[in-house]
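Colleague: Take a look at model.cif, mmCIF, C-alpha atoms:
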data_start
#
loop_
_atom_site.group_PDB
_atom_site.id
_atom_site.type_symbol
_atom_site.label_atom_id
_atom_site.label_comp_id
_atom_site.auth_asym_id
_atom_site.auth_seq_id
_atom_site.Cartn_x
_atom_site.Cartn_y
_atom_site.Cartn_z
ATOM 1 C CA MET A 1470 31.244 31.200 -11.618
ATOM 2 C CA VAL A 1471 30.920 29.587 -8.168
ATOM 3 C CA PRO A 1472 27.973 31.298 -6.449
ATOM 4 C CA GLU A 1473 28.851 33.190 -3.281
ATOM 5 C CA GLY A 1474 28.370 31.033 -0.234
ATOM 6 C CA THR A 1475 28.514 27.759 -2.173
ATOM 7 C CA THR A 1476 30.848 25.013 -1.034
ATOM 8 C CA ALA A 1477 32.161 23.289 -4.138
ATOM 9 C CA ALA A 1478 32.508 19.515 -4.136
ATOM 10 C CA ARG A 1479 36.003 18.188 -3.537
ATOM 11 C CA GLY A 1480 37.732 14.975 -4.569
ATOM 12 C CA VAL A 1481 34.803 13.318 -6.317
ATOM 13 C CA ARG A 1482 34.542 11.218 -9.466
ATOM 14 C CA ALA A 1483 32.407 11.000 -12.586
ATOM 15 C CA ALA A 1484 32.898 9.299 -15.940
ATOM 16 C CA VAL A 1485 31.505 8.544 -19.362
ATOM 17 C CA ILE A 1486 31.057 4.846 -20.120
ATOM 18 C CA GLY A 1487 30.496 2.981 -23.359
ATOM 19 C CA SER A 1488 32.355 0.954 -25.959
ATOM 20 C CA PRO A 1489 34.216 2.231 -27.895
ATOM 21 C CA ILE A 1490 34.783 5.355 -25.805
ATOM 22 C CA ALA A 1491 38.194 6.817 -26.663
ATOM 23 C CA HIS A 1492 36.628 9.278 -29.134
ATOM 24 C CA SER A 1493 34.287 10.822 -26.550
ATOM 25 C CA LYS A 1494 34.384 14.583 -26.065
ATOM 26 C CA SER A 1495 32.566 14.345 -22.738
ATOM 27 C CA PRO A 1496 35.792 14.599 -20.661
ATOM 28 C CA LEU A 1497 36.591 17.908 -22.398
ATOM 29 C CA LEU A 1498 33.089 19.256 -21.784
ATOM 30 C CA HIS A 1499 32.780 18.199 -18.163
ATOM 31 C CA GLY A 1500 36.365 19.142 -17.361
ATOM 32 C CA ALA A 1501 35.811 22.684 -18.631
ATOM 33 C CA ALA A 1502 32.609 23.017 -16.597
ATOM 34 C CA TYR A 1503 34.166 21.769 -13.357
ATOM 35 C CA ARG A 1504 37.165 24.058 -13.659
ATOM 36 C CA ALA A 1505 34.865 27.020 -14.216
ATOM 37 C CA LEU A 1506 32.678 26.036 -11.257
ATOM 38 C CA GLY A 1507 35.584 25.339 -8.920
ATOM 39 C CA ILE A 1508 34.589 21.680 -8.521
ATOM 40 C CA ASP A 1509 37.349 19.164 -7.824
ATOM 41 C CA CYS A 1510 35.947 16.316 -9.914
ATOM 42 C CA SER A 1511 37.958 13.712 -11.786
ATOM 43 C CA TYR A 1512 36.023 12.914 -14.963
ATOM 44 C CA SER A 1513 37.317 10.098 -17.182
ATOM 45 C CA ALA A 1514 36.302 7.887 -20.098
ATOM 46 C CA ILE A 1515 35.932 4.205 -19.203
ATOM 47 C CA ASP A 1516 35.440 1.460 -21.778
ATOM 48 C CA VAL A 1517 32.571 -0.760 -20.597
ATOM 49 C CA ASP A 1518 30.674 -3.119 -22.883
ATOM 50 C CA ALA A 1519 27.228 -4.638 -22.495
ATOM 51 C CA ALA A 1520 28.597 -7.872 -21.041
ATOM 52 C CA HIS A 1521 30.230 -6.057 -18.118
ATOM 53 C CA ILE A 1522 27.842 -3.212 -17.326
ATOM 54 C CA GLY A 1523 26.074 -5.055 -14.489
ATOM 55 C CA ALA A 1524 29.343 -5.741 -12.673
ATOM 56 C CA PHE A 1525 30.470 -2.169 -13.271
ATOM 57 C CA LEU A 1526 27.347 -0.731 -11.656
ATOM 58 C CA ASP A 1527 27.713 -3.123 -8.712
ATOM 59 C CA ASP A 1528 31.258 -1.838 -8.203
ATOM 60 C CA LEU A 1529 29.929 1.714 -8.441
ATOM 61 C CA ARG A 1530 27.465 1.045 -5.636
ATOM 62 C CA ALA A 1531 30.290 -0.301 -3.480
ATOM 63 C CA GLY A 1532 32.675 2.560 -4.220
ATOM 64 C CA THR A 1533 33.041 6.014 -2.764
ATOM 65 C CA ALA A 1534 33.101 9.589 -4.013
ATOM 66 C CA TRP A 1535 31.149 8.890 -7.205
ATOM 67 C CA ARG A 1536 28.715 11.576 -8.383
ATOM 68 C CA GLY A 1537 27.558 10.260 -11.720
ATOM 69 C CA LEU A 1538 27.964 8.643 -15.101
ATOM 70 C CA SER A 1539 27.392 9.760 -18.648
ATOM 71 C CA VAL A 1540 26.216 6.712 -20.611
ATOM 72 C CA THR A 1541 26.698 6.205 -24.324
ATOM 73 C CA MET A 1542 26.225 3.347 -26.766
ATOM 74 C CA PRO A 1543 25.704 0.452 -26.488
ATOM 75 C CA LEU A 1544 24.660 0.747 -22.843
ATOM 76 C CA LYS A 1545 21.684 3.118 -22.685
ATOM 77 C CA GLY A 1546 18.985 0.457 -22.681
ATOM 78 C CA ALA A 1547 20.817 -1.927 -20.378
ATOM 79 C CA VAL A 1548 21.531 0.793 -17.824
ATOM 80 C CA ALA A 1549 17.840 1.740 -17.785
ATOM 81 C CA ARG A 1550 17.057 -1.802 -16.653
ATOM 82 C CA LEU A 1551 19.840 -1.974 -14.049
ATOM 83 C CA VAL A 1552 19.552 1.312 -12.134
ATOM 84 C CA ASP A 1553 17.472 1.484 -8.961
ATOM 85 C CA THR A 1554 15.026 4.082 -10.240
ATOM 86 C CA THR A 1555 14.427 6.301 -13.263
ATOM 87 C CA THR A 1556 12.980 9.762 -13.735
ATOM 88 C CA ALA A 1557 10.910 11.196 -16.564
ATOM 89 C CA PRO A 1558 11.455 11.027 -19.478
ATOM 90 C CA ALA A 1559 13.881 8.099 -19.027
ATOM 91 C CA ALA A 1560 11.120 5.994 -17.458
ATOM 92 C CA VAL A 1561 8.915 6.396 -20.540
ATOM 93 C CA LEU A 1562 11.729 5.926 -23.038
ATOM 94 C CA GLY A 1563 13.395 2.983 -21.324
ATOM 95 C CA VAL A 1564 16.680 4.685 -22.189
ATOM 96 C CA VAL A 1565 19.174 6.191 -19.752
ATOM 97 C CA ASN A 1566 22.164 8.331 -20.682
ATOM 98 C CA THR A 1567 22.855 9.773 -17.218
ATOM 99 C CA VAL A 1568 23.220 8.101 -13.840
ATOM 100 C CA VAL A 1569 23.282 10.058 -10.589
ATOM 101 C CA VAL A 1570 24.931 8.275 -7.668
ATOM 102 C CA GLY A 1571 23.297 8.906 -4.299
ATOM 103 C CA ASP A 1572 24.983 9.423 -0.948
ATOM 104 C CA GLY A 1573 25.780 6.820 1.672
ATOM 105 C CA PRO A 1574 27.619 3.504 1.889
ATOM 106 C CA HIS A 1575 25.173 1.768 -0.497
ATOM 107 C CA PRO A 1576 24.102 4.573 -2.816
ATOM 108 C CA MET A 1577 21.009 4.441 -4.971
ATOM 109 C CA LEU A 1578 21.561 4.834 -8.721
ATOM 110 C CA THR A 1579 19.024 7.092 -10.442
ATOM 111 C CA GLY A 1580 18.717 7.046 -14.226
ATOM 112 C CA HIS A 1581 17.938 10.166 -16.240
ATOM 113 C CA ASN A 1582 17.785 11.013 -19.929
ATOM 114 C CA THR A 1583 19.363 14.356 -20.824
ATOM 115 C CA ASP A 1584 19.491 13.512 -24.549
ATOM 116 C CA VAL A 1585 15.879 14.701 -24.772
ATOM 117 C CA ALA A 1586 16.846 18.152 -23.518
ATOM 118 C CA GLY A 1587 19.915 18.028 -25.752
ATOM 119 C CA VAL A 1588 17.787 17.562 -28.881
ATOM 120 C CA ALA A 1589 15.170 20.134 -27.860
ATOM 121 C CA HIS A 1590 17.644 22.810 -26.761
ATOM 122 C CA ALA A 1591 19.949 22.372 -29.768
ATOM 123 C CA LEU A 1592 17.042 22.755 -32.185
ATOM 124 C CA ALA A 1593 15.502 25.640 -30.240
ATOM 125 C CA ALA A 1594 18.847 27.475 -30.259
ATOM 126 C CA ALA A 1595 18.792 27.156 -34.048
ATOM 127 C CA GLY A 1596 15.364 28.798 -34.192
ATOM 128 C CA VAL A 1597 13.135 25.718 -34.423
ATOM 129 C CA GLY A 1598 9.758 26.045 -32.736
ATOM 130 C CA ALA A 1599 6.568 23.938 -33.005
ATOM 131 C CA PRO A 1600 7.704 21.945 -36.079
ATOM 132 C CA GLN A 1601 4.936 20.378 -38.145
ATOM 133 C CA ARG A 1602 6.662 17.900 -40.469
ATOM 134 C CA CYS A 1603 9.265 16.003 -38.472
ATOM 135 C CA VAL A 1604 11.447 13.063 -39.453
ATOM 136 C CA VAL A 1605 13.748 10.911 -37.335
ATOM 137 C CA LEU A 1606 16.272 8.677 -39.075
ATOM 138 C CA GLY A 1607 16.924 5.495 -37.095
ATOM 139 C CA GLY A 1608 15.023 3.507 -34.512
ATOM 140 C CA GLY A 1609 17.318 3.104 -31.490
ATOM 141 C CA GLY A 1610 17.659 4.759 -28.105
ATOM 142 C CA THR A 1611 18.751 8.109 -29.502
ATOM 143 C CA ALA A 1612 15.766 8.035 -31.856
ATOM 144 C CA ALA A 1613 13.520 7.653 -28.813
ATOM 145 C CA ALA A 1614 15.130 10.745 -27.285
ATOM 146 C CA ALA A 1615 14.676 12.590 -30.585
ATOM 147 C CA VAL A 1616 10.949 11.813 -30.633
ATOM 148 C CA ALA A 1617 10.652 13.083 -27.057
ATOM 149 C CA GLY A 1618 12.718 16.175 -27.822
ATOM 150 C CA LEU A 1619 10.531 17.023 -30.803
ATOM 151 C CA ALA A 1620 7.483 16.520 -28.588
ATOM 152 C CA GLN A 1621 8.911 19.074 -26.157
ATOM 153 C CA LEU A 1622 9.118 21.542 -29.030
ATOM 154 C CA GLY A 1623 5.445 21.015 -29.801
ATOM 155 C CA ALA A 1624 5.523 18.439 -32.599
ATOM 156 C CA GLY A 1625 2.320 16.446 -32.885
ATOM 157 C CA ALA A 1626 3.550 13.843 -35.356
ATOM 158 C CA VAL A 1627 6.904 12.311 -36.268
ATOM 159 C CA SER A 1628 7.843 10.016 -39.137
ATOM 160 C CA VAL A 1629 10.503 7.487 -38.159
ATOM 161 C CA ILE A 1630 12.489 6.116 -41.086
ATOM 162 C CA VAL A 1631 14.099 2.749 -40.416
ATOM 163 C CA ARG A 1632 15.614 -0.155 -42.271
ATOM 164 C CA ARG A 1633 13.925 -2.718 -40.012
ATOM 165 C CA PRO A 1634 10.358 -1.683 -39.069
ATOM 166 C CA ALA A 1635 10.319 -4.123 -36.140
ATOM 167 C CA ALA A 1636 13.140 -2.147 -34.534
ATOM 168 C CA SER A 1637 10.866 0.894 -34.195
ATOM 169 C CA GLU A 1638 7.852 -0.757 -32.568
ATOM 170 C CA ASP A 1639 8.780 0.669 -29.172
ATOM 171 C CA LEU A 1640 8.864 4.176 -30.631
ATOM 172 C CA GLN A 1641 5.151 3.960 -31.347
ATOM 173 C CA ARG A 1642 4.507 3.080 -27.699
ATOM 174 C CA ILE A 1643 6.690 6.009 -26.641
ATOM 175 C CA GLY A 1644 4.897 8.338 -29.037
ATOM 176 C CA ALA A 1645 1.527 7.327 -27.643
ATOM 177 C CA ALA A 1646 2.753 7.992 -24.096
ATOM 178 C CA LEU A 1647 3.994 11.435 -25.133
ATOM 179 C CA GLY A 1648 0.969 12.376 -27.206
ATOM 180 C CA VAL A 1649 2.882 12.196 -30.487
ATOM 181 C CA GLU A 1650 1.726 10.215 -33.505
ATOM 182 C CA VAL A 1651 4.660 8.111 -34.711
ATOM 183 C CA ALA A 1652 4.489 6.812 -38.287
ATOM 184 C CA VAL A 1653 7.001 4.163 -39.342
ATOM 185 C CA VAL A 1654 8.383 4.706 -42.841
ATOM 186 C CA PRO A 1655 10.548 2.163 -44.712
ATOM 187 C CA TRP A 1656 14.059 3.229 -45.606
ATOM 188 C CA SER A 1657 13.236 2.858 -49.308
ATOM 189 C CA ARG A 1658 11.124 6.024 -49.041
ATOM 190 C CA ALA A 1659 13.718 8.141 -47.227
ATOM 191 C CA ALA A 1660 14.738 10.218 -50.250
ATOM 192 C CA GLU A 1661 11.062 10.956 -50.890
ATOM 193 C CA VAL A 1662 10.032 11.891 -47.328
ATOM 194 C CA VAL A 1663 13.125 13.737 -46.054
ATOM 195 C CA PRO A 1664 13.096 16.704 -48.498
ATOM 196 C CA ALA A 1665 9.515 17.596 -47.557
ATOM 197 C CA SER A 1666 10.300 17.877 -43.835
ATOM 198 C CA ASP A 1667 10.581 20.930 -41.604
ATOM 199 C CA VAL A 1668 12.955 19.171 -39.213
ATOM 200 C CA VAL A 1669 15.064 16.053 -39.658
ATOM 201 C CA VAL A 1670 16.983 14.441 -36.801
ATOM 202 C CA SER A 1671 19.454 11.804 -37.933
ATOM 203 C CA THR A 1672 20.342 9.426 -35.111
ATOM 204 C CA LEU A 1673 22.352 7.120 -37.361
ATOM 205 C CA PRO A 1674 25.988 6.209 -36.664
ATOM 206 C CA PRO A 1675 28.769 8.091 -38.512
ATOM 207 C CA ARG A 1676 28.603 7.586 -42.295
ATOM 208 C CA ALA A 1677 25.450 5.439 -42.111
ATOM 209 C CA ALA A 1678 23.467 8.230 -43.800
ATOM 210 C CA ASP A 1679 26.008 8.654 -46.631
ATOM 211 C CA PRO A 1680 23.939 6.624 -49.143
ATOM 212 C CA LEU A 1681 20.922 8.850 -48.455
ATOM 213 C CA ALA A 1682 23.072 11.948 -48.960
ATOM 214 C CA ARG A 1683 24.218 10.623 -52.329
ATOM 215 C CA GLU A 1684 20.639 9.847 -53.330
ATOM 216 C CA LEU A 1685 19.484 13.344 -52.379
ATOM 217 C CA THR A 1686 22.294 15.114 -54.237
ATOM 218 C CA ALA A 1687 21.648 12.979 -57.315
ATOM 219 C CA HIS A 1688 18.354 14.853 -57.683
ATOM 220 C CA THR A 1689 19.385 18.233 -59.089
ATOM 221 C CA GLY A 1690 16.103 19.790 -57.982
ATOM 222 C CA PHE A 1691 16.584 18.979 -54.281
ATOM 223 C CA ARG A 1692 15.996 22.157 -52.267
ATOM 224 C CA THR A 1693 14.966 22.643 -48.647
ATOM 225 C CA ASP A 1694 14.487 25.380 -46.083
ATOM 226 C CA GLY A 1695 14.231 22.864 -43.250
ATOM 227 C CA THR A 1696 16.573 22.123 -40.358
ATOM 228 C CA LEU A 1697 18.752 19.030 -39.994
ATOM 229 C CA LEU A 1698 20.251 17.888 -36.698
ATOM 230 C CA ASP A 1699 22.784 15.130 -37.332
ATOM 231 C CA VAL A 1700 23.861 13.599 -34.026
ATOM 232 C CA ALA A 1701 26.936 12.031 -35.663
ATOM 233 C CA TYR A 1702 29.446 14.843 -35.141
ATOM 234 C CA ASP A 1703 32.639 13.109 -36.309
ATOM 235 C CA PRO A 1704 33.475 13.577 -39.128
ATOM 236 C CA TRP A 1705 31.809 16.963 -39.521
ATOM 237 C CA PRO A 1706 30.173 18.024 -41.653
ATOM 238 C CA SER A 1707 28.721 14.636 -42.436
ATOM 239 C CA ARG A 1708 27.829 13.971 -46.062
ATOM 240 C CA LEU A 1709 24.178 14.349 -45.155
ATOM 241 C CA ALA A 1710 24.790 17.700 -43.447
ATOM 242 C CA ALA A 1711 26.847 18.948 -46.418
ATOM 243 C CA ALA A 1712 24.115 17.908 -48.878
ATOM 244 C CA TRP A 1713 21.439 19.537 -46.720
ATOM 245 C CA GLN A 1714 23.316 22.823 -46.459
ATOM 246 C CA GLN A 1715 24.068 22.858 -50.176
ATOM 247 C CA ALA A 1716 20.335 22.485 -50.825
ATOM 248 C CA GLY A 1717 19.621 25.622 -48.778
ATOM 249 C CA GLY A 1718 18.779 24.011 -45.445
ATOM 250 C CA ARG A 1719 19.992 24.849 -41.962
ATOM 251 C CA ILE A 1720 22.232 22.358 -40.176
ATOM 252 C CA VAL A 1721 22.687 21.811 -36.453
ATOM 253 C CA PRO A 1722 25.834 19.880 -35.511
ATOM 254 C CA GLY A 1723 25.458 16.862 -33.283
ATOM 255 C CA LEU A 1724 28.095 18.477 -31.108
ATOM 256 C CA ASP A 1725 25.472 21.083 -30.137
ATOM 257 C CA MET A 1726 23.201 18.331 -28.842
ATOM 258 C CA LEU A 1727 26.093 16.747 -26.947
ATOM 259 C CA ILE A 1728 26.933 20.058 -25.273
ATOM 260 C CA HIS A 1729 23.349 20.879 -24.284
ATOM 261 C CA GLN A 1730 22.796 17.454 -22.734
ATOM 262 C CA ALA A 1731 26.129 17.728 -20.885
ATOM 263 C CA VAL A 1732 25.022 21.028 -19.333
ATOM 264 C CA GLU A 1733 22.035 19.152 -17.910
ATOM 265 C CA GLN A 1734 24.316 16.396 -16.590
ATOM 266 C CA VAL A 1735 26.493 18.873 -14.701
ATOM 267 C CA ALA A 1736 23.385 20.296 -13.021
ATOM 268 C CA LEU A 1737 22.284 16.780 -12.013
ATOM 269 C CA PHE A 1738 25.687 15.698 -10.715
ATOM 270 C CA PHE A 1739 26.282 18.901 -8.726
ATOM 271 C CA PRO A 1740 22.976 20.600 -7.883
ATOM 272 C CA GLU A 1741 24.600 22.314 -4.893
ATOM 273 C CA ALA A 1742 26.882 24.287 -7.222
ATOM 274 C CA GLY A 1743 23.951 26.383 -8.452
ATOM 275 C CA ALA A 1744 25.563 26.555 -11.875
ATOM 276 C CA ASP A 1745 24.731 29.357 -14.288
ATOM 277 C CA ARG A 1746 23.758 27.117 -17.205
ATOM 278 C CA ALA A 1747 24.382 29.790 -19.829
ATOM 279 C CA ALA A 1748 27.914 30.256 -18.499
ATOM 280 C CA VAL A 1749 28.517 26.487 -18.412
ATOM 281 C CA LEU A 1750 27.274 26.290 -21.996
ATOM 282 C CA ARG A 1751 29.779 28.944 -23.052
ATOM 283 C CA VAL A 1752 32.819 27.264 -21.472
ATOM 284 C CA MET A 1753 31.803 23.906 -22.928
ATOM 285 C CA CYS A 1754 31.499 25.410 -26.415
ATOM 286 C CA ASP A 1755 34.917 26.968 -26.051
ATOM 287 C CA ALA A 1756 36.437 23.670 -24.854
ATOM 288 C CA VAL A 1757 35.572 21.860 -28.098
ATOM 289 C CA GLY A 1758 35.672 24.800 -30.516
ATOM 290 C CA ALA A 1759 31.912 24.883 -31.028
ATOM 291 C CA VAL A 1760 30.030 28.009 -32.074
ATOM 292 C CA ARG A 1761 28.252 29.694 -29.155
ATOM 293 C CA ARG A 1762 24.524 29.763 -29.932
#
Do you think you could lay out the structure here as structure tokens?
Modeller:
Amino acid sequence: MVPEGTTAARGVRAAVIGSPIAHSKSPLLHGAAYRALGIDCSYSAIDVDAAHIGAFLDDLRAGTAWRGLSVTMPLKGAVARLVDTTTAPAAVLGVVNTVVVGDGPHPMLTGHNTDVAGVAHALAAAGVGAPQRCVVLGGGGTAAAAVAGLAQLGAGAVSVIVRRPAASEDLQRIGAALGVEVAVVPWSRAAEVVPASDVVVSTLPPRAADPLARELTAHTGFRTDGTLLDVAYDPWPSRLAAAWQQAGGRIVPGLDMLIHQAVEQVALFFPEAGADRAAVLRVMCDAVGAVRR
């Protein structure tokens, strides 16, 4: 898979950071891609919490051979404030899940957001196009990426269902910047709004949507032909995904989103490799036992 005439990178480093981080599948995904591309890159999982992220990035700037970071919770907002520059859509979202380390003795750190592409590509691969009735569960950084991903697919309006309406105020600003009308819906109406949706993206932590799943299944008439993307991929299927599928809906595993955004990260870390993204997608799917879509 290494294009003819390409010199693959040698002896470089990348990592996924967050806390907790031991469960991350990113090392499996990136490792499979780098082996296929002939890139000698050591990719590890490093536990970094919010209190230590500033010092970690300072050490990164002073180090050598770093290409990039994958950033997970709870660091996405903090990293957006600490990098040297951000690209679209990270600049609009104020959320960074990818850091590219520049060259030189004092490299510049550039923040990106590949979660947006992860949401859009995972849903598109499942056949979603120009959705009309969209719902996002949750109001954090991944919810911001979900709103942007739905906007990329052509959505004009998104309902954001949250427990604390104040937590979603920034999503309305983001929606306005992206040309998407964001309506904030209280959690008490979730079981009413969700079944009528074309697309639902749950950005809640594992098991946090279980009460909603129980409420939906308690209604014997609950049926849907919509699509659910649940970003919480462990355990899988989640209770919400199982309830959705039982009601006739289509489910997209959160692992699909993770894989699609990781493909984008590989391209950002190693643009000189000229990676065939479809081929990288295939080896990543195989590495974690995901269905090729």
Colleague: Residue by residue, what does the PyMOL selection byres ((chain A and resi 1617-1627) around 6) grab here? Present the result as a compact mmCIF listing (two decimals) with C-alpha atoms, in the frame of the given file.
Modeller:
# COMPACT_ATOMS: atom_id res chain seq x y z
CA VAL A 1585 15.88 14.70 -24.77
CA VAL A 1588 17.79 17.56 -28.88
CA ALA A 1589 15.17 20.13 -27.86
CA GLY A 1598 9.76 26.04 -32.74
CA ALA A 1599 6.57 23.94 -33.01
CA PRO A 1600 7.70 21.94 -36.08
CA GLN A 1601 4.94 20.38 -38.15
CA CYS A 1603 9.26 16.00 -38.47
CA VAL A 1604 11.45 13.06 -39.45
CA ALA A 1614 15.13 10.74 -27.28
CA ALA A 1615 14.68 12.59 -30.58
CA VAL A 1616 10.95 11.81 -30.63
CA SER A 1628 7.84 10.02 -39.14
CA VAL A 1649 2.88 12.20 -30.49
CA GLU A 1650 1.73 10.22 -33.51
CA VAL A 1651 4.66 8.11 -34.71
Colleague: Smallest atom-to-atom distance to Ala1682 in chain A: which of A:Ala1711, A:Ala1701, A:Met1542, A:Ile1643, using only C-alpha atoms?
Modeller: A:Ala1711
Colleague: Expand the PyMOL selection byres ((chain A and resi 1529) around 12) into the explicit residue set it covers here, and present it as an NGL selection string.
Modeller: :A and (1482-1484 or 1522-1528 or 1530-1538 or 1552 or 1568-1572 or 1574-1578)
Colleague: Excluding Gln1715 in chain A and its own-chain neighbours fewer than 4 positions away, which residues fall within 10 Å of it when counting only C-alpha atoms? Please give them as a list in words.
Modeller: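 Those residues are Thr1686, Phe1691, Arg1692, Thr1693, Leu1709, Ala1710, Ala1711 and Arg1719 of chain A.
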Colleague: Which residues are near Val1629 in chain A? Cut-off 7 Å, all atoms listed in the file, ignore same chain within fewer than 6 positions. Put them as a list in words.
Modeller: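 Listing them by chain and then by number gives Val1604, Val1605, Leu1606, Gly1607, Val1651, Ala1652, Val1653 and Val1654 of chain A.
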Colleague: Can you list what the PyMOL selection byres ((chain A and resi 1662-1671) around 6) grabs from this structure, as a list in words?
Modeller: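 Going through the file, the PyMOL selection byres ((chain A and resi 1662-1671) around 6) ends up selecting Arg1602, Cys1603, Val1604, Val1605, Leu1606, Ala1659, Ala1660, Glu1661, Thr1672, Leu1673, Gly1695, Thr1696, Leu1697, Leu1698 and Asp1699 of chain A.
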Colleague: Interatomic distance between CA of Asp1518 in chain A and CA of Ile1490 in chain A?
Modeller: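 Computed distance, CA of Asp1518 in chain A to CA of Ile1490 in chain A, equals 9.9 Å.
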Colleague: Fewer than 3 positions away in the same chain doesn't count, so skip those; otherwise give me all residues within 12 Å of Ser1493 in chain A, counting all atoms listed in the file, as number ranges by chain.
Modeller: A: 1484-1490, 1496-1499, 1512-1516, 1539-1542, 1701-1703, 1724, 1727-1728, 1757
Colleague: Some atoms are absent from range 1580-1595 of chain A, so rebuild N, CA, C and O atoms and return them as a PDB file, in the coordinates of the input.
Modeller:
ATOM      1  N   GLY A1580      18.510   6.846 -12.797  1.00  0.00           N
ATOM      2  CA  GLY A1580      18.717   7.046 -14.226  1.00  0.00           C
ATOM      3  C   GLY A1580      17.913   8.209 -14.769  1.00  0.00           C
ATOM      4  O   GLY A1580      16.736   8.366 -14.450  1.00  0.00           O
ATOM      5  N   HIS A1581      18.566   9.010 -15.582  1.00  0.00           N
ATOM      6  CA  HIS A1581      17.938  10.166 -16.240  1.00  0.00           C
ATOM      7  C   HIS A1581      18.193  10.072 -17.743  1.00  0.00           C
ATOM      8  O   HIS A1581      19.064   9.323 -18.188  1.00  0.00           O
ATOM      9  N   ASN A1582      17.491  10.874 -18.505  1.00  0.00           N
ATOM     10  CA  ASN A1582      17.785  11.013 -19.929  1.00  0.00           C
ATOM     11  C   ASN A1582      17.899  12.492 -20.264  1.00  0.00           C
ATOM     12  O   ASN A1582      16.894  13.207 -20.315  1.00  0.00           O
ATOM     13  N   THR A1583      19.128  12.961 -20.443  1.00  0.00           N
ATOM     14  CA  THR A1583      19.363  14.356 -20.824  1.00  0.00           C
ATOM     15  C   THR A1583      19.485  14.528 -22.331  1.00  0.00           C
ATOM     16  O   THR A1583      19.591  15.653 -22.821  1.00  0.00           O
ATOM     17  N   ASP A1584      19.465  13.399 -23.090  1.00  0.00           N
ATOM     18  CA  ASP A1584      19.491  13.512 -24.549  1.00  0.00           C
ATOM     19  C   ASP A1584      18.251  14.237 -25.060  1.00  0.00           C
ATOM     20  O   ASP A1584      18.300  14.948 -26.068  1.00  0.00           O
ATOM     21  N   VAL A1585      17.123  14.043 -24.362  1.00  0.00           N
ATOM     22  CA  VAL A1585      15.879  14.701 -24.772  1.00  0.00           C
ATOM     23  C   VAL A1585      16.053  16.216 -24.734  1.00  0.00           C
ATOM     24  O   VAL A1585      15.737  16.928 -25.700  1.00  0.00           O
ATOM     25  N   ALA A1586      16.580  16.712 -23.621  1.00  0.00           N
ATOM     26  CA  ALA A1586      16.846  18.152 -23.518  1.00  0.00           C
ATOM     27  C   ALA A1586      17.900  18.575 -24.526  1.00  0.00           C
ATOM     28  O   ALA A1586      17.834  19.682 -25.077  1.00  0.00           O
ATOM     29  N   GLY A1587      18.882  17.697 -24.776  1.00  0.00           N
ATOM     30  CA  GLY A1587      19.915  18.028 -25.752  1.00  0.00           C
ATOM     31  C   GLY A1587      19.347  18.270 -27.130  1.00  0.00           C
ATOM     32  O   GLY A1587      19.698  19.246 -27.809  1.00  0.00           O
ATOM     33  N   VAL A1588      18.440  17.393 -27.575  1.00  0.00           N
ATOM     34  CA  VAL A1588      17.787  17.562 -28.881  1.00  0.00           C
ATOM     35  C   VAL A1588      16.942  18.833 -28.898  1.00  0.00           C
ATOM     36  O   VAL A1588      17.051  19.668 -29.806  1.00  0.00           O
ATOM     37  N   ALA A1589      16.094  18.990 -27.888  1.00  0.00           N
ATOM     38  CA  ALA A1589      15.170  20.134 -27.860  1.00  0.00           C
ATOM     39  C   ALA A1589      15.924  21.456 -27.797  1.00  0.00           C
ATOM     40  O   ALA A1589      15.606  22.404 -28.527  1.00  0.00           O
ATOM     41  N   HIS A1590      16.921  21.551 -26.927  1.00  0.00           N
ATOM     42  CA  HIS A1590      17.644  22.810 -26.761  1.00  0.00           C
ATOM     43  C   HIS A1590      18.501  23.139 -27.977  1.00  0.00           C
ATOM     44  O   HIS A1590      18.616  24.319 -28.362  1.00  0.00           O
ATOM     45  N   ALA A1591      19.127  22.124 -28.584  1.00  0.00           N
ATOM     46  CA  ALA A1591      19.949  22.372 -29.768  1.00  0.00           C
ATOM     47  C   ALA A1591      19.096  22.887 -30.924  1.00  0.00           C
ATOM     48  O   ALA A1591      19.483  23.820 -31.633  1.00  0.00           O
ATOM     49  N   LEU A1592      17.920  22.296 -31.112  1.00  0.00           N
ATOM     50  CA  LEU A1592      17.042  22.755 -32.185  1.00  0.00           C
ATOM     51  C   LEU A1592      16.450  24.127 -31.870  1.00  0.00           C
ATOM     52  O   LEU A1592      16.360  24.992 -32.755  1.00  0.00           O
ATOM     53  N   ALA A1593      16.059  24.344 -30.618  1.00  0.00           N
ATOM     54  CA  ALA A1593      15.502  25.640 -30.240  1.00  0.00           C
ATOM     55  C   ALA A1593      16.523  26.749 -30.427  1.00  0.00           C
ATOM     56  O   ALA A1593      16.184  27.853 -30.875  1.00  0.00           O
ATOM     57  N   ALA A1594      17.788  26.471 -30.094  1.00  0.00           N
ATOM     58  CA  ALA A1594      18.847  27.475 -30.259  1.00  0.00           C
ATOM     59  C   ALA A1594      19.059  27.829 -31.724  1.00  0.00           C
ATOM     60  O   ALA A1594      19.532  28.925 -32.043  1.00  0.00           O
ATOM     61  N   ALA A1595      18.682  26.898 -32.609  1.00  0.00           N
ATOM     62  CA  ALA A1595      18.792  27.156 -34.048  1.00  0.00           C
ATOM     63  C   ALA A1595      17.535  27.793 -34.614  1.00  0.00           C
ATOM     64  O   ALA A1595      17.433  28.006 -35.831  1.00  0.00           O
TER      65      ALA A1595
END
